[in-house]
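Asker: My structure is below; once you've seen it, I'll send some questions.
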Amino acid sequence: MEAGLAFLLVVALPLLGAPLIYLIGRLVERKQAGVNPSRWVALVVLLAAFVPFSLVAQMLFTQGMVISFSLGVIRLQMDGVGALLAGLVLVLGNLVTLFSGPYLSKEEHQEKFYALLSMMIGGMIGLGCTSDLFNLWVWFELMAIASYPLVSFHRHSPAVLEAGVKYLVQSAVGSAFVLIGIALVFGQTGSLAFAGIRANAPLTPVMLAAGALFLIGFGVKAALVPLHTWLPDAHSQAPSGISAMLSGVVIEAGLIALLRALGALFAVSDLWGVFLLGFAALNMLLGNLMALRQTQVKRLLAFSSLSHMGYILLGIGCAFAFGASNAAAGGFFHILTHGLMKGLAFLAAGALLYALYLANGKHQPLMVEDLDGAANRYPLAAFGLSVALLGLGGIPPLAGFMSKWQIFVGGFETRQTWAIVLVIFAALNSVLSLAYYAPLINRMYRHHPSTTIQTGQPVSVWMNAVLIVLTVGVVILGFWPSLAGWLTQPAAQSLLAALGG
Amino acid sequence: MAMTWLMLTIGLPWLGALVIWLVGDRDEKFTHLLAVAFSVAAGGAALLLLPYGKERLLFAIPMGGVFGDFTFVVDGLGVFLAAIATVVGSLAVIFSVDYMHGEQQLARYYAFVLFFIGGMAGLVLTSNLLLMFFFWEITALCSYALISFHNDDPKAVAGGIKALIITQFGGIGLLAGALLLYAYTGSNDFQPLLENPAIVPAGVLAWMGFGCLIAAAAKSAQFPFQTWLPDAMEAPTPISALIHAATMVNAGVYLLARFYPAFAIVPGWREAVMICGILSALLAAMMAMVATDLKRVLAYSTVSQLGFMVYAVGAGGVFASQFHLLSHSVFKALLFLAAGAVIHSIGTRDMRQMGGLGQHMPLTRAVFIVGGLALAGIPIFNGFWSKELILEAGLHGNPLWLYGLMVLVAGLTAFYTVRMIAMVFYGEARTGLHVHDAGSAMKVALLPLAIGSLTTWLLAGPFGHLLAESLPAHHLEVHSTWAMVEEVIAAPATYLALGVVAIGLLAGWQRKRLIPLGQALGGVSKAAAESFGFEAINRGVVIATQKLAEALRVTQPGLLNWNVFAIVCALLILLASLAVGGR
């Protein structure tokens with residue numbers, strides 16, 4: 001298969017699969033109520049997308065080919081960053097699809113869920129591959145629009161609807177800012193393509209304003225503090241598979257969109273890196289401190305995602321401010337490991353939420369006290385959640401330790417005082433986060449189960465299988481971090497190349 | 001062959017941990033058997049590795065990038081500590097067969113114990129600073145998991161999390177040292193630094209040195225981080241013996257000893273190390289004198305003895321510190337396990353409810369006295385020789401009052417040791433509880449340690465030569481065992497110290513007569529009971545953090561208007577910054 005066609009398939013399969021999933025699901029359910037094969041159709045589509053993806057990855061990394069596809073003036077190009085995002089999205093997407101089968105087994109409108117999930121995945125893959133601003137915005141919006149109904153999927157609950165509305169309105173504000181920014185850039189440079197903008201960018205206040213608009217506009221989606229207020233609600237009220245996708249890839253995709261847009265304007269100001277580092281500090285601090293006070297498990301994990309965006313921003317910010325390649329590689333490695341670990345955490349919590357509440361017909365949040373003694377009845381979910389929490393806390397031999405290490409090395413290598421201070425601050429935050437991760441683990445391994453555990457239903461074997469896959473992945477990357485180097489190093493190189501080498 | 005024994009020393013415990021975890025809690029006897037088998041095998045591998053320590057072999061697994069090569073070095077310092085970790089580890093596991101009989105979730109217990117043993121062995125056998133930090137954190141994880149093994153007990157959980165947070169906080173010092181090493185030398189291997197500290201700039205070396213001191217102090221529960229060790233006594237007693245007496249807390253002393261050639265030239269570093277050691281030794285001894293919980297007395301005693309070792313490193317006596325580490329590992333593990341036998345039998349840790357137990361527990365009393373005499377520094381027990389070497393190392397080139405202070409601490413040590421033995425084993429029986437002597441598995445663990453307390457000092461010569469030949473950067477001066485004996489017997493300082501120890505013993509035995517003196521010093525003993533204000537500092541930090549977190553809740557008002565307002569404000573702040581900061 002030649003490169004362009006394979007690339008087209010990677011992007012198109014999830015997108016074209018979406019209406020297919022919906023139609024098949026709807027038609028079959030009309031004929032036989034209660035049977036909905038949309039989950040299996042979605043799984044087939046997403047697994048099929050791995051085939052062209054592996055071809056593209058091989059051509060890109062081992063043969064160094066330029067992989068691109070043009071449709072009129074729109075040109076999509078796969079580079080290191082896009083490949084990393086596409087890979088993570090596909091892995092997590094497949095696992096979430098498999099997980100959500102039993103999770104949604106008592107819900108209606110499953111075909112809409114899987115169709116929208118597939119569309120969101122397609123949007124994210126496309127987002128990673130754009131080469132011009134407006135196209136970036138289109139894919140960004142596609143991803144966002146698909147995610148709004150997914151967040152408010154349990155639409156009969158007022159809390160869920162509130163979360164969805166907040167997410168929608170705040171994202172719309174962000175998108176509006178991005179559009180204004182695009183308009184300003186187009187007015188100043190006459191071009192929308194990243195390469196063209198980089199070549200022509202005049203150093204005017206209007207361009208500075210455009211950069212600020214991009215930073216805030218995309219920053220809402222990337223959950224930069226203080227633009228983050230939608231996140232705790234949305235990530236905790238969404239179905240757990242979607243929580244995993246949101247924390248694991250959607251906010252990272254927002255960050256990547258930000259990097260693309262800001263990268264085009266890199267030469268316009270020296271302050272972009274400084275702003276990113278400032279946001280990193282705010283995210284780390286607020287995310288960790290707020291998580292300390294949480295009594296709902298998924299809300300705690302949502303605030304934890306804020307702090308991990310802080311670590312990622314630390315790595316990327318050092319790349320912007322100091323050209324640190326190890327910091328960039330570390331940031332991308334942390335995108336990967338955080339996706340796996342936070343995905344595991346949300347899916348394990350989701351398995352418990354399903355077993356304790358949803359399977360009993362109750363729509364209540366999973367509270368911290370409900371975890372008492374979970375390990376006796378749900379050993380795999382408890383172990384998976386423990387591994388995820390310890391990994392997120394940066395404890396070896398798990399993946400989070402290695403990715404944080406790489407970011408920290410990158411920061412120290414700059415030999416700049418502020419970078420070093422920020423790394424120490426990040427390390428202190430990592431220690432602080434253990435104060436809310438560790439008690440959850442202790443609760444799960446108690447002898448006396450909570451009453452909710454005693455009345456819980458069993459967890460499906462598909463859910464357990466997904467948890468095992470993610471757990472093994474997190475442990476393996478903890479022992480052999482260089483296994484991910486083939487994805488993270490090219491991503492770092494692509495980023496630094498986009499910033500002018 | 002060395003490579004094989006090295007891999008087995010680290011790999012066998014880890015394999016055992018995995019196997020035990022997979023097998024689960026189906027058959028208690030089988031779980032005990034697996035644990036004992038794997039830990040004894042690991043001990044065997046470590047002992048077989050000992051002869052290779054002289055050769056300074058190096059093994060590397062290439063990993064690339066910022067992770068460097070995962071290198072392992074087989075030298076005297078590493079193999080001796082690995083041997084202690086695995087041998088004392090296997091004795092603690094054997095002891096656990098009786099102590100943990102009938103407990104639930106034993107698979108989790110043994111898996112973490114074995115994971116810890118492998119991690120500790122790896123910590124001392126690697127020359128890659130990232131890997132050392134990796135193993136350092138693994139031991140912290142296992143320590144936390146085992147302290148809070150009884151998850152239903154809030155004190156145990158609190159103790160575990162406190163230990164985790166404090167040692168992790170200190171660990172940032174080691175992290176900073178490792179990151180600086182990579183940033184300024186492009187490699188994680190610390191051997192070049194030990195051979196030539198000038199490869200990093202002097203300012204950077206100073207940061208690394210003090211960072212490592214902070215990490216070592218936190219790990220070894222030295223001043224000002226000593227508050228986690230007493231609370232860690234909620235752990236099952238074999239864990240207290242293994243992790244919090246014989247191995248993990250030694251990691252800090254190991255770090256200081258290992259990096260001595262690099263940091264000795266940093267101005268003020270050696271002085272800081274000595275002050276840290278002295279303060280820990282003195283303050284902890286005072287706290288041991290007033291404590292009423294048997295394990296807490298032993299915990300404070302551990303902090304105090306580690307203070308001696310840290311002081312020795314600072315004074316330049318690296319061999320003396322490691323020799324005392326060897327003695328202390330043996331006699332402190334003995335004391336903890338014997339205390340475990342008492343606690344397991346009588347069901348309480350409060351010494352005021354004990355008394356007269358010696359009649360019913362003759363073997364336990366005997367081995368406890370052996371351990372106690374070694375701790376107090378009575379000839380010919382191993383603690384005597386190593387403590388004298390430390391005291392003498394401190395005499396060279398340091399003010400006399402420092403030496404005097406350490407001799408005083410030796411006297412205080414004798415006092416609290418006698419007090420402890422008397423309160424537990426002698427006097428009137430205070431409770432009518434049924435008391436039985438140690439079980440057979442416990443005896444199998446206790447006896448080798450008791451014999452060791454009498455004999456490990458004989459290894460001084462070979463041990464010294466092992467270290468001197470394999471650590472060229474340290475420039476150690478060592479003698480044969482007999483030469484050491486002659487030196488100690490000939491030195492007048494020895495008799496001064498023995499005199500003070502004798503006074504301490506007498507005071508402990510006759511402590512009832514000293515009650516008026518104790519009341520006169522009541523303020524000091526109250527302060528000692530409160531850990532000299534450090535517990536208050538800990539509580540203050542926790543409360544401040546919680547208050548800050550609570551205050552931040554205002555940022556999540558739940559009102560959409562305010563959320564959007566925050567977005568707009570952020571934009572305005574950015575625009576203003578750009579306007580002011582310009583390009």
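Following the order of the structure tokens, chains are lettered A, B, ..., residues in each are numbered from 1, and ligands are numbered from 1.
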Dump as JSON, numbers by chain the residues of chain B that approach chain A to within 7 Å, counting only C-alpha atoms.

Answerer: {"B": [63, 64, 66, 134, 137, 138, 151, 152, 157, 161, 165, 168, 169, 172, 179, 180, 183, 549, 550, 552, 553, 556, 560, 563, 564, 566, 567, 571, 574, 575, 578, 583]}

Asker: Could those residues be written to a file, using N, CA and C atoms, as a compact mmCIF listing (two decimals), in the first residue's frame?

Answerer:
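Below is the file result-v1.txt, written as the result:
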```
# COMPACT_ATOMS: atom_id res chain seq x y z
N MET B 63 20.61 1.30 27.95
CA MET B 63 19.21 1.74 27.85
C MET B 63 19.11 2.97 26.96
N GLY B 64 20.13 3.77 26.96
CA GLY B 64 20.19 4.89 26.04
C GLY B 64 19.50 6.14 26.51
N VAL B 66 18.42 9.65 28.05
CA VAL B 66 18.64 10.24 29.37
C VAL B 66 18.67 9.17 30.46
N PHE B 134 15.94 5.01 41.52
CA PHE B 134 14.87 4.05 41.19
C PHE B 134 14.70 3.06 42.33
N GLU B 137 13.47 4.70 45.64
CA GLU B 137 12.03 4.91 45.67
C GLU B 137 11.29 3.59 45.86
N ILE B 138 11.77 2.49 45.27
CA ILE B 138 11.14 1.21 45.45
C ILE B 138 11.16 0.81 46.92
N ASN B 151 -4.32 -2.29 56.97
CA ASN B 151 -4.99 -1.10 56.45
C ASN B 151 -6.17 -0.64 57.27
N ASP B 152 -6.74 -1.57 58.08
CA ASP B 152 -7.91 -1.17 58.86
C ASP B 152 -7.53 -0.37 60.09
N VAL B 157 -1.98 3.22 58.88
CA VAL B 157 -2.06 3.91 57.60
C VAL B 157 -1.41 5.28 57.70
N ILE B 161 1.84 6.57 55.52
CA ILE B 161 1.82 7.73 54.62
C ILE B 161 2.83 8.78 55.12
N ILE B 165 5.77 10.23 52.75
CA ILE B 165 5.89 11.63 52.37
C ILE B 165 7.25 12.18 52.83
N GLN B 168 10.09 10.63 50.78
CA GLN B 168 10.02 11.11 49.40
C GLN B 168 10.49 12.56 49.31
N PHE B 169 10.07 13.36 50.30
CA PHE B 169 10.48 14.76 50.33
C PHE B 169 11.99 14.87 50.38
N ILE B 172 13.97 14.14 47.19
CA ILE B 172 14.15 15.18 46.17
C ILE B 172 15.60 15.64 46.16
N LEU B 179 20.07 14.61 38.87
CA LEU B 179 19.80 15.45 37.70
C LEU B 179 20.99 16.36 37.41
N LEU B 180 21.60 16.91 38.48
CA LEU B 180 22.76 17.78 38.27
C LEU B 180 23.92 16.99 37.66
N ALA B 183 23.14 16.60 34.05
CA ALA B 183 23.18 17.87 33.33
C ALA B 183 24.60 18.36 33.12
N ALA B 549 -5.44 24.23 50.59
CA ALA B 549 -6.30 23.51 49.65
C ALA B 549 -7.75 23.93 49.81
N GLU B 550 -8.18 24.05 51.06
CA GLU B 550 -9.56 24.45 51.33
C GLU B 550 -9.82 25.85 50.79
N LEU B 552 -8.47 27.24 48.28
CA LEU B 552 -8.51 27.28 46.83
C LEU B 552 -9.84 26.84 46.25
N ARG B 553 -10.72 26.27 47.12
CA ARG B 553 -11.98 25.77 46.58
C ARG B 553 -12.82 26.89 45.99
N GLN B 556 -13.47 27.11 42.22
CA GLN B 556 -14.41 26.22 41.53
C GLN B 556 -15.82 26.57 42.01
N LEU B 560 -21.20 29.40 35.85
CA LEU B 560 -20.65 29.52 34.51
C LEU B 560 -20.15 30.93 34.23
N ASN B 563 -16.75 31.35 35.54
CA ASN B 563 -15.78 30.57 34.78
C ASN B 563 -15.38 31.31 33.51
N VAL B 564 -16.39 31.82 32.78
CA VAL B 564 -16.08 32.53 31.54
C VAL B 564 -15.33 33.81 31.85
N ALA B 566 -13.25 34.22 34.20
CA ALA B 566 -11.85 33.83 34.43
C ALA B 566 -11.12 33.67 33.12
N ILE B 567 -11.79 33.12 32.12
CA ILE B 567 -11.15 32.94 30.81
C ILE B 567 -10.81 34.31 30.23
N LEU B 571 -7.07 36.11 29.44
CA LEU B 571 -6.68 36.70 28.16
C LEU B 571 -6.15 38.12 28.37
N LEU B 574 -2.71 38.12 29.86
CA LEU B 574 -1.70 37.77 28.85
C LEU B 574 -1.41 38.96 27.94
N LEU B 575 -2.50 39.62 27.47
CA LEU B 575 -2.29 40.76 26.58
C LEU B 575 -1.49 41.84 27.28
N LEU B 578 2.14 40.85 27.45
CA LEU B 578 2.80 41.00 26.16
C LEU B 578 3.07 42.46 25.86
N ARG B 583 8.44 41.99 22.98
CA ARG B 583 8.79 40.77 22.28
C ARG B 583 9.32 39.78 23.30
```

Asker: Determine the nearest neighbour of A:Gly80 from the options A:Leu477, A:Ile256, A:Ile242, A:Gly393, counting only C-alpha atoms.

Answerer: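 Checking each candidate against A:Gly80, we get A:Ile256 as the closest.
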
Asker: Between A:Ser100, A:Gln294, A:Ser307, A:Ser157, which is the closest to A:Leu43 once you count only C-alpha atoms?

Answerer: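 The answer is A:Ser100, which sits nearest to A:Leu43.
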
Asker: List as number ranges by chain the protein and nucleic acid residues near A:Gly190, meaning an atom at most 12 Å away when only C-alpha atoms are counted, but skip any in the same chain fewer than 5 places from it.

Answerer: A: 182-185, 196-202

Asker: Would you mind exporting the chosen residues as a PDB file, in the first residue's frame, restricted to all heavy atoms?

Answerer:
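As written to disk, again23.pdb reads:
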```pdb
ATOM      1  N   ILE A 182      -7.189  33.487  14.364  1.00  0.00           N
ATOM      2  CA  ILE A 182      -6.892  33.061  12.988  1.00  0.00           C
ATOM      3  C   ILE A 182      -7.128  34.227  12.037  1.00  0.00           C
ATOM      4  O   ILE A 182      -6.325  34.475  11.116  1.00  0.00           O
ATOM      5  CB  ILE A 182      -7.756  31.851  12.599  1.00  0.00           C
ATOM      6  CG1 ILE A 182      -7.373  30.639  13.442  1.00  0.00           C
ATOM      7  CG2 ILE A 182      -7.611  31.536  11.127  1.00  0.00           C
ATOM      8  CD1 ILE A 182      -8.236  29.428  13.181  1.00  0.00           C
ATOM      9  N   ALA A 183      -8.236  34.938  12.277  1.00  0.00           N
ATOM     10  CA  ALA A 183      -8.546  36.064  11.403  1.00  0.00           C
ATOM     11  C   ALA A 183      -7.439  37.109  11.454  1.00  0.00           C
ATOM     12  O   ALA A 183      -7.001  37.645  10.425  1.00  0.00           O
ATOM     13  CB  ALA A 183      -9.886  36.683  11.816  1.00  0.00           C
ATOM     14  N   LEU A 184      -6.945  37.386  12.678  1.00  0.00           N
ATOM     15  CA  LEU A 184      -5.878  38.380  12.822  1.00  0.00           C
ATOM     16  C   LEU A 184      -4.618  37.935  12.084  1.00  0.00           C
ATOM     17  O   LEU A 184      -3.970  38.730  11.398  1.00  0.00           O
ATOM     18  CB  LEU A 184      -5.560  38.592  14.306  1.00  0.00           C
ATOM     19  CG  LEU A 184      -6.634  39.294  15.137  1.00  0.00           C
ATOM     20  CD1 LEU A 184      -6.190  39.388  16.589  1.00  0.00           C
ATOM     21  CD2 LEU A 184      -6.922  40.672  14.593  1.00  0.00           C
ATOM     22  N   VAL A 185      -4.278  36.663  12.232  1.00  0.00           N
ATOM     23  CA  VAL A 185      -3.060  36.163  11.573  1.00  0.00           C
ATOM     24  C   VAL A 185      -3.206  36.247  10.065  1.00  0.00           C
ATOM     25  O   VAL A 185      -2.283  36.651   9.346  1.00  0.00           O
ATOM     26  CB  VAL A 185      -2.775  34.705  12.006  1.00  0.00           C
ATOM     27  CG1 VAL A 185      -1.720  34.070  11.126  1.00  0.00           C
ATOM     28  CG2 VAL A 185      -2.341  34.669  13.461  1.00  0.00           C
ATOM     29  N   GLY A 196       3.857  29.071   5.805  1.00  0.00           N
ATOM     30  CA  GLY A 196       3.739  30.419   5.270  1.00  0.00           C
ATOM     31  C   GLY A 196       3.744  31.465   6.370  1.00  0.00           C
ATOM     32  O   GLY A 196       4.375  32.510   6.262  1.00  0.00           O
ATOM     33  N   ILE A 197       3.040  31.185   7.450  1.00  0.00           N
ATOM     34  CA  ILE A 197       2.977  32.143   8.560  1.00  0.00           C
ATOM     35  C   ILE A 197       4.360  32.325   9.160  1.00  0.00           C
ATOM     36  O   ILE A 197       4.810  33.438   9.434  1.00  0.00           O
ATOM     37  CB  ILE A 197       2.002  31.653   9.641  1.00  0.00           C
ATOM     38  CG1 ILE A 197       0.594  31.553   9.080  1.00  0.00           C
ATOM     39  CG2 ILE A 197       2.024  32.585  10.843  1.00  0.00           C
ATOM     40  CD1 ILE A 197      -0.356  30.838   9.987  1.00  0.00           C
ATOM     41  N   ARG A 198       5.056  31.197   9.357  1.00  0.00           N
ATOM     42  CA  ARG A 198       6.391  31.267   9.963  1.00  0.00           C
ATOM     43  C   ARG A 198       7.317  32.118   9.131  1.00  0.00           C
ATOM     44  O   ARG A 198       8.119  32.888   9.630  1.00  0.00           O
ATOM     45  CB  ARG A 198       6.983  29.852  10.093  1.00  0.00           C
ATOM     46  CG  ARG A 198       7.405  29.500  11.498  1.00  0.00           C
ATOM     47  CD  ARG A 198       8.188  28.222  11.530  1.00  0.00           C
ATOM     48  NE  ARG A 198       7.577  27.127  10.775  1.00  0.00           N
ATOM     49  CZ  ARG A 198       6.702  26.283  11.259  1.00  0.00           C
ATOM     50  NH1 ARG A 198       6.325  26.381  12.501  1.00  0.00           N
ATOM     51  NH2 ARG A 198       6.197  25.324  10.500  1.00  0.00           N
ATOM     52  N   ALA A 199       7.153  31.986   7.790  1.00  0.00           N
ATOM     53  CA  ALA A 199       8.045  32.736   6.898  1.00  0.00           C
ATOM     54  C   ALA A 199       7.743  34.218   6.926  1.00  0.00           C
ATOM     55  O   ALA A 199       8.640  35.046   6.832  1.00  0.00           O
ATOM     56  CB  ALA A 199       7.929  32.187   5.479  1.00  0.00           C
ATOM     57  N   ASN A 200       6.455  34.575   7.036  1.00  0.00           N
ATOM     58  CA  ASN A 200       6.054  35.969   6.840  1.00  0.00           C
ATOM     59  C   ASN A 200       5.710  36.731   8.085  1.00  0.00           C
ATOM     60  O   ASN A 200       5.286  37.877   7.989  1.00  0.00           O
ATOM     61  CB  ASN A 200       4.781  36.025   5.953  1.00  0.00           C
ATOM     62  CG  ASN A 200       5.113  35.673   4.535  1.00  0.00           C
ATOM     63  OD1 ASN A 200       6.263  35.734   4.154  1.00  0.00           O
ATOM     64  ND2 ASN A 200       4.097  35.331   3.763  1.00  0.00           N
ATOM     65  N   ALA A 201       5.808  36.090   9.270  1.00  0.00           N
ATOM     66  CA  ALA A 201       5.203  36.715  10.448  1.00  0.00           C
ATOM     67  C   ALA A 201       5.831  38.056  10.781  1.00  0.00           C
ATOM     68  O   ALA A 201       7.000  38.118  11.155  1.00  0.00           O
ATOM     69  CB  ALA A 201       5.342  35.779  11.642  1.00  0.00           C
ATOM     70  N   PRO A 202       5.051  39.153  10.642  1.00  0.00           N
ATOM     71  CA  PRO A 202       5.590  40.459  11.043  1.00  0.00           C
ATOM     72  C   PRO A 202       5.546  40.580  12.562  1.00  0.00           C
ATOM     73  O   PRO A 202       4.683  40.000  13.212  1.00  0.00           O
ATOM     74  CB  PRO A 202       4.603  41.441  10.398  1.00  0.00           C
ATOM     75  CG  PRO A 202       3.329  40.697  10.286  1.00  0.00           C
ATOM     76  CD  PRO A 202       3.656  39.238  10.175  1.00  0.00           C
TER      77      PRO A 202
END
```

Asker: Name the residues of stretch 74-136 of chain A that come out as helix (DSSP H, G or I) in a backbone DSSP run; write them as a ChimeraX atom specification.

Answerer: /A:80-103,110-127,133-136

Asker: Show me, as a CSV table (one decimal) with N, CA, C and O atoms, in the first residue's frame, the residues that have an atom within 12 Å of B:Val40 when counting only C-alpha atoms, minus same-chain residues fewer than 2 positions from it.

Answerer:
```csv
chain,number,residue,atom,x,y,z
B,8,LEU,N,21.1,-12.9,40.5
B,8,LEU,CA,20.3,-13.7,41.4
B,8,LEU,C,20.0,-13.0,42.7
B,8,LEU,O,18.9,-13.1,43.2
B,9,THR,N,21.0,-12.2,43.2
B,9,THR,CA,20.8,-11.5,44.4
B,9,THR,C,19.6,-10.5,44.3
B,9,THR,O,18.8,-10.3,45.2
B,12,LEU,N,16.2,-13.0,42.4
B,12,LEU,CA,15.5,-14.1,43.1
B,12,LEU,C,14.4,-13.5,44.0
B,12,LEU,O,13.3,-14.0,44.0
B,13,PRO,N,14.7,-12.5,44.8
B,13,PRO,CA,13.6,-11.9,45.6
B,13,PRO,C,12.5,-11.4,44.7
B,13,PRO,O,11.3,-11.5,45.1
B,16,GLY,N,10.6,-14.1,43.4
B,16,GLY,CA,9.8,-14.7,44.5
B,16,GLY,C,8.5,-13.8,44.8
B,16,GLY,O,7.4,-14.3,45.1
B,33,LEU,N,6.3,-21.1,52.9
B,33,LEU,CA,7.4,-21.9,52.4
B,33,LEU,C,8.1,-21.2,51.2
B,33,LEU,O,9.3,-21.1,51.2
B,34,LEU,N,7.3,-20.6,50.3
B,34,LEU,CA,7.8,-19.9,49.2
B,34,LEU,C,8.7,-18.8,49.6
B,34,LEU,O,9.8,-18.5,49.1
B,35,ALA,N,8.1,-18.0,50.6
B,35,ALA,CA,8.9,-16.8,51.0
B,35,ALA,C,10.2,-17.2,51.6
B,35,ALA,O,11.2,-16.6,51.3
B,36,VAL,N,10.2,-18.2,52.5
B,36,VAL,CA,11.5,-18.6,53.1
B,36,VAL,C,12.4,-19.1,52.1
B,36,VAL,O,13.6,-18.7,52.0
B,37,ALA,N,11.9,-19.9,51.1
B,37,ALA,CA,12.8,-20.5,50.1
B,37,ALA,C,13.5,-19.4,49.3
B,37,ALA,O,14.7,-19.4,49.1
B,38,PHE,N,12.7,-18.4,48.8
B,38,PHE,CA,13.3,-17.4,47.9
B,38,PHE,C,14.2,-16.5,48.7
B,38,PHE,O,15.3,-16.1,48.2
B,42,ALA,N,18.2,-16.0,48.0
B,42,ALA,CA,18.8,-14.7,47.7
B,42,ALA,C,20.0,-14.5,48.7
B,42,ALA,O,21.0,-14.0,48.3
B,43,GLY,N,19.8,-14.9,50.0
B,43,GLY,CA,20.9,-14.7,50.9
B,43,GLY,C,22.1,-15.5,50.5
B,43,GLY,O,23.2,-15.1,50.5
B,44,GLY,N,21.9,-16.8,50.0
B,44,GLY,CA,22.9,-17.6,49.5
B,44,GLY,C,23.7,-16.9,48.3
B,44,GLY,O,24.9,-16.9,48.3
B,45,ALA,N,22.9,-16.4,47.4
B,45,ALA,CA,23.5,-15.7,46.2
B,45,ALA,C,24.3,-14.5,46.6
B,45,ALA,O,25.5,-14.3,46.1
B,46,ALA,N,23.8,-13.8,47.6
B,46,ALA,CA,24.6,-12.6,48.1
B,46,ALA,C,25.9,-13.0,48.7
B,46,ALA,O,27.0,-12.4,48.5
B,47,LEU,N,25.8,-14.1,49.5
B,47,LEU,CA,27.1,-14.6,50.2
B,47,LEU,C,28.1,-15.1,49.2
B,47,LEU,O,29.3,-14.9,49.3
B,83,ALA,N,24.7,-8.4,51.2
B,83,ALA,CA,24.6,-9.6,52.1
B,83,ALA,C,23.8,-9.3,53.3
B,83,ALA,O,23.0,-10.2,53.7
B,85,ALA,N,21.4,-7.2,53.7
B,85,ALA,CA,20.0,-7.1,53.3
B,85,ALA,C,19.3,-8.4,53.1
B,85,ALA,O,18.2,-8.7,53.6
B,86,THR,N,20.0,-9.3,52.4
B,86,THR,CA,19.4,-10.6,52.1
B,86,THR,C,19.5,-11.5,53.3
B,86,THR,O,18.5,-12.3,53.5
B,87,VAL,N,20.6,-11.6,54.0
B,87,VAL,CA,20.7,-12.5,55.1
B,87,VAL,C,19.7,-12.1,56.3
B,87,VAL,O,18.9,-12.9,56.7
B,88,VAL,N,19.8,-10.8,56.7
B,88,VAL,CA,18.9,-10.4,57.7
B,88,VAL,C,17.4,-10.5,57.2
B,88,VAL,O,16.5,-10.8,57.9
B,89,GLY,N,17.3,-10.2,55.9
B,89,GLY,CA,16.0,-10.4,55.3
B,89,GLY,C,15.4,-11.8,55.4
B,89,GLY,O,14.3,-12.0,55.8
B,90,SER,N,16.3,-12.8,55.2
B,90,SER,CA,15.8,-14.2,55.3
B,90,SER,C,15.5,-14.5,56.7
B,90,SER,O,14.5,-15.2,57.0
B,91,LEU,N,16.3,-14.0,57.7
B,91,LEU,CA,15.9,-14.2,59.1
B,91,LEU,C,14.6,-13.6,59.5
B,91,LEU,O,13.8,-14.2,60.2
B,92,ALA,N,14.4,-12.4,59.0
B,92,ALA,CA,13.1,-11.7,59.3
B,92,ALA,C,11.9,-12.5,58.6
B,92,ALA,O,10.9,-12.6,59.3
B,93,VAL,N,12.1,-13.1,57.5
B,93,VAL,CA,11.1,-13.9,56.8
B,93,VAL,C,10.8,-15.2,57.6
B,93,VAL,O,9.7,-15.5,57.9
B,94,ILE,N,11.9,-15.8,58.1
B,94,ILE,CA,11.8,-17.0,58.9
B,94,ILE,C,11.0,-16.7,60.2
B,94,ILE,O,10.1,-17.4,60.6
B,114,LEU,N,9.8,-9.4,49.8
B,114,LEU,CA,10.8,-9.8,48.9
B,114,LEU,C,11.1,-8.7,47.9
B,114,LEU,O,12.3,-8.6,47.5
B,117,ILE,N,13.6,-6.6,49.5
B,117,ILE,CA,15.0,-7.1,49.6
B,117,ILE,C,15.7,-7.0,48.3
B,117,ILE,O,16.9,-6.6,48.3
B,445,ALA,N,15.4,-17.8,63.9
B,445,ALA,CA,15.9,-16.5,63.4
B,445,ALA,C,16.7,-15.8,64.5
B,445,ALA,O,17.7,-15.1,64.2
```

Asker: How many Å separate atom CA of B:Gly461 from atom CA of B:Thr481?

Answerer: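 Going from atom CA of B:Gly461 over to atom CA of B:Thr481 covers 4.2 Å.
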
Asker: Which neighbours of B:Trp21 fall inside 10 Å, counting only C-alpha atoms, when residues of the same chain fewer than 2 positions from it are skipped, and could you give them as a list in words?

Answerer: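 Result of the neighbour search: Leu15, Gly16, Ala17, Leu18, Val19, Val23, Gly24, Asp25, Thr31, Gln105, Leu106, Ala107, Arg108, Tyr109, Tyr110, Ala111 and Phe112 of chain B.
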
Asker: Skip stretch 338-342 of chain A itself and residues of its chain fewer than 5 positions away, then list as an MDAnalysis selection string all residues within 10 Å of it, counting only C-alpha atoms.

Answerer: chainID A and resid 88:89 91:92 243:250 252 301:302 304:305 308:309 312 332:333 347:348 384:385 387:392 398:400 403 469:471 473:475

Asker: Between atom CA of B:Leu48 and atom CA of B:Ile20, what distance in Å does the model show, to one decimal?

Answerer: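 It comes out at 24.6 Å.
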